[in-house]
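What follows is one structure encoded as structure tokens, with my remarks underneath.
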Amino acid sequence: MILEIDDNLVIYRKDGYYKPEFSPYFLYKDDQGPIKKIWKEFKPKQLQKREAPDTKAIKSLILDVPEPYEYDIPLKKRYQIDTRTAPHYIKDELTYLAFDIEVYNEGGAVDARKDPIIAISYATKDKADVLMLSNGNRQTPYKSEKQLIKAFMDIVLTYDPDILVGYNSFMFDLPYLQKRAKKHGIVFNIARWGLDMGKKKVKIPGRIHVDMYKIVRLFKRLGVIEVKDYTLKTVYETLFGEDKFSITKNEIWKMWQDGDKDLWEYSLSDALATKALFEHFFDLIIELSHTSRTFMQELVSSTPGQLVENLLLYEGGPEFLIPALPSREEVEYRESNPIKGAYVKLPEPGIYENIAVLDFRSLYPSIIITYNIDYYTYNKEGKGYISPLGHAFLDHPQGLIPRILEGLIDERDAIKKKLKEDPDNKQLQARAQALKVLANSFYGYMGYPRSRYYLREAAESVTAWGRKHIMEVIEEAEKWGFKVLYTDTDSVFLIYEKKEDILRFLEYINKKLPGKMRLDLENFYIRGLFVTKKGEEAGAKKKYALLAEDGSVKIRGFELVRRDWSPIARETQRKVLDIILKEGSKEKAISYIQEVVKRLRRGEVKPEELVITSQITKSLDKYDVISPEVMAAKRLRQKGEKVKPGTLIRYIIAAQDGKTSDKAWPYELFKSHNLQYDAEYYIHHQVLPAVMKLIQELGVSEAELTENIKQSSLDSF
DNA sequence: GCGAGCAGCGTACCT
DNA sequence: ACAGGTACGCTGCTCGCG
């Protein structure tokens, strides 16, 4: 079992490592036809200096070769393609150790130059412990930070795990350990064979380093999980539905000084939670690795686009000529010419009964397979399937992406069958999920400007066929006498009288659909709500709530699903939606809203309920417009906190003069400065906007509600 | 100098 | 750094008024 292949083509197994004999090549055409040229023969001097041929260097050296091909394939990929080497992990043979460090810091940003490590926790399959640094109040075996770090190194080297698991360990724990060790004149080395770790990147030769933070971000992009932020606590709690032990981070230093047992508990809980996350996703990590032909170490730092590319290179490499990566100019050109996407029907606002939701099963993958849409089947002479935009795709031979997609979908169907007999089989579940998320990523990759296999004509044909098919369903449904409430991309909302009519309609449509395409019943709903756009008569797209027969409520788009709205507004909206869908009581909805307004005016609402969360996406100085989250972020930075792209800012609007952004304070500062919240802001900019459109559908006018609110505010004083 | 109206930016959502 | 379609808050500008 190969654990990892690094960029220098060193192959690591559990029992050792080796470097295979391998001569990478590129192709070029001349009068004689295609010729294979070995890289190191081409310009020996420049290239043999390096362990790994640098594809960029090669590219610049072969510009004078007529029609060069496949000169930019990374060495590791070239090796995988030519020797048919792909990951095959065996779960039961892999050992792992999760870990986490705590740092002493009395305020401001944590700084490796001054702040020592005070605790290191770890957890393996059957053991967990905390190594805590001694202090005046609590004696432990670790009298110095140096001893602490060495003890942890010993634990790793003795347990000898194949996989080292952390949470944000790429960016924090491992570099921090390295820096602190260096300060004490030792090398932090936990490699398997005594090799040094990389100077820049954190590398642990012989082991796989899995940073669960990165995995969580990848899984979010793949649509595997849904989390509101990426802290270990949030992710753990969303996944397992139970509270994780936590403490206030800026009290860690004090807790350590006091010898507080809760710090020990907290440190342990971080290692245990990291381990739990890893174990929860272990099967899926392995299956995604297998399916995308991506070794686990690479998978950890991959994007969905890379996974798709790896699979395409591996499957197509030996047979199809691999297209080169696009130049910067080409990427810019592609970016400035986006392709037309899906069709969304404008809904009529209102409350409806008896709604059936139908949707196409894997719409874009099924279109790609059915019409054989591919980089290699695109035909300029107009032969084959003609898309609604007039682009042609040969009906045979089968293209690379259609072939791969069909393989993924067929295998998934086979696994689904097996799962019927063995429903609790975790490995099969993970395999089915891996196949699904990968299949769903291909359309995006076709239209991804940096893709090797980008083809505008292909990507825009996929969406054009998608629009055509959904339009046809709308037309047919109307012919059948159904009211078509709403459609978005691949789903159709119909109002029905008898469920049986819907089933007959489905059967009729499916008989007419070509190839792999299929329309499914998603569910029947008792009641549904569509609202207007703010301040307009027209319906709002991508915003609705549906009450299913089992009492569950499906909510899309509303403020209550958005993290950049405060919990108080979201919770009030959720409650009002519930009242509307389940009871339809105007009075109850109004009195609930009044209660919330009163609580806000009386200052009874806790700060946690007022926190608005928003992400910073670029460097703080690059913002031209200072929005509330940017202002709050600047206040954090002033205090010494690091704010980078990707940082989530949690802020509260305080009662003071000025623009909204002037009043935006980071949650921590809001509390430590003993600020008051701006009740009127939360009433008029959060709670009321969130519920107004809902109760309008119940026939409550804005005047009626504000009148009630004025009265309720009088009552409260 | 001031408020209303609006464009553009920015974020997070839906499929 | 896999796609496009959409809603909506906020800032900061222009404009009309005086």
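Naming works like this for the structure tokens: A, B, ... for the chains as they're shown, residue 1 at the start of each chain, ligands 1 onward in shown order.
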Residues of chain A within 7 Å of chain C, only C-alpha atoms (C1' of nucleotides) counted, as a PDB file with N, CA, C and O atoms, in the first residue's frame:
ATOM      1  N   PRO A 304     -11.990  21.081  -5.783  1.00  0.00           N
ATOM      2  CA  PRO A 304     -12.771  20.168  -6.624  1.00  0.00           C
ATOM      3  C   PRO A 304     -12.217  20.097  -8.044  1.00  0.00           C
ATOM      4  O   PRO A 304     -12.188  19.031  -8.655  1.00  0.00           O
ATOM      5  N   GLY A 305     -11.752  21.222  -8.563  1.00  0.00           N
ATOM      6  CA  GLY A 305     -11.215  21.246  -9.914  1.00  0.00           C
ATOM      7  C   GLY A 305     -10.020  20.315 -10.086  1.00  0.00           C
ATOM      8  O   GLY A 305      -9.892  19.632 -11.098  1.00  0.00           O
ATOM      9  N   LYS A 340     -23.808  31.455 -20.540  1.00  0.00           N
ATOM     10  CA  LYS A 340     -25.162  31.608 -20.018  1.00  0.00           C
ATOM     11  C   LYS A 340     -25.533  30.369 -19.205  1.00  0.00           C
ATOM     12  O   LYS A 340     -25.230  29.245 -19.607  1.00  0.00           O
ATOM     13  N   GLY A 341     -26.195  30.585 -18.090  1.00  0.00           N
ATOM     14  CA  GLY A 341     -26.502  29.479 -17.181  1.00  0.00           C
ATOM     15  C   GLY A 341     -27.923  28.982 -17.258  1.00  0.00           C
ATOM     16  O   GLY A 341     -28.513  28.896 -18.343  1.00  0.00           O
ATOM     17  N   ALA A 342     -28.488  28.703 -16.103  1.00  0.00           N
ATOM     18  CA  ALA A 342     -29.788  28.034 -16.031  1.00  0.00           C
ATOM     19  C   ALA A 342     -30.946  29.017 -16.099  1.00  0.00           C
ATOM     20  O   ALA A 342     -30.776  30.230 -15.988  1.00  0.00           O
ATOM     21  N   SER A 441     -19.218  17.507 -10.261  1.00  0.00           N
ATOM     22  CA  SER A 441     -18.211  18.548 -10.436  1.00  0.00           C
ATOM     23  C   SER A 441     -17.774  18.727 -11.895  1.00  0.00           C
ATOM     24  O   SER A 441     -17.063  19.673 -12.215  1.00  0.00           O
ATOM     25  N   GLY A 444     -19.057  21.971 -13.984  1.00  0.00           N
ATOM     26  CA  GLY A 444     -18.350  23.172 -13.549  1.00  0.00           C
ATOM     27  C   GLY A 444     -16.942  23.218 -14.118  1.00  0.00           C
ATOM     28  O   GLY A 444     -16.466  24.264 -14.558  1.00  0.00           O
ATOM     29  N   TYR A 445     -16.301  22.045 -14.173  1.00  0.00           N
ATOM     30  CA  TYR A 445     -14.932  21.975 -14.666  1.00  0.00           C
ATOM     31  C   TYR A 445     -14.853  22.309 -16.156  1.00  0.00           C
ATOM     32  O   TYR A 445     -13.901  22.929 -16.612  1.00  0.00           O
ATOM     33  N   GLY A 447     -16.544  24.460 -17.689  1.00  0.00           N
ATOM     34  CA  GLY A 447     -16.648  25.895 -17.886  1.00  0.00           C
ATOM     35  C   GLY A 447     -15.721  26.687 -16.989  1.00  0.00           C
ATOM     36  O   GLY A 447     -15.861  27.889 -16.838  1.00  0.00           O
ATOM     37  N   TYR A 448     -14.781  25.973 -16.354  1.00  0.00           N
ATOM     38  CA  TYR A 448     -13.818  26.595 -15.442  1.00  0.00           C
ATOM     39  C   TYR A 448     -12.685  27.215 -16.271  1.00  0.00           C
ATOM     40  O   TYR A 448     -11.993  26.489 -17.005  1.00  0.00           O
ATOM     41  N   LYS A 541     -37.196  35.240  -6.528  1.00  0.00           N
ATOM     42  CA  LYS A 541     -36.670  33.923  -6.879  1.00  0.00           C
ATOM     43  C   LYS A 541     -35.786  33.404  -5.746  1.00  0.00           C
ATOM     44  O   LYS A 541     -35.266  34.183  -4.954  1.00  0.00           O
ATOM     45  N   LYS A 542     -35.586  32.111  -5.721  1.00  0.00           N
ATOM     46  CA  LYS A 542     -34.668  31.467  -4.782  1.00  0.00           C
ATOM     47  C   LYS A 542     -34.998  31.729  -3.320  1.00  0.00           C
ATOM     48  O   LYS A 542     -34.113  31.788  -2.457  1.00  0.00           O
ATOM     49  N   VAL A 625     -15.043  50.587  -0.256  1.00  0.00           N
ATOM     50  CA  VAL A 625     -16.221  50.898   0.538  1.00  0.00           C
ATOM     51  C   VAL A 625     -16.073  50.252   1.912  1.00  0.00           C
ATOM     52  O   VAL A 625     -15.821  49.059   2.015  1.00  0.00           O
ATOM     53  N   SER A 627     -17.707  48.839   4.627  1.00  0.00           N
ATOM     54  CA  SER A 627     -18.975  48.272   5.092  1.00  0.00           C
ATOM     55  C   SER A 627     -18.824  47.893   6.567  1.00  0.00           C
ATOM     56  O   SER A 627     -17.711  47.893   7.101  1.00  0.00           O
TER      57      SER A 627
END
Should the cut-off be 10 Å, what would the residue list for chain A against chain B look like, counting only C-alpha atoms (C1' of nucleotides), as a PyMOL selection string?
chain A and resi 342-344+487-491+541-543+556-559+561-564+614-617+623-625+627
By how many Å are atom CA of A:Phe188 and atom CA of A:Lys644 apart?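 So the answer is 27.0 Å.
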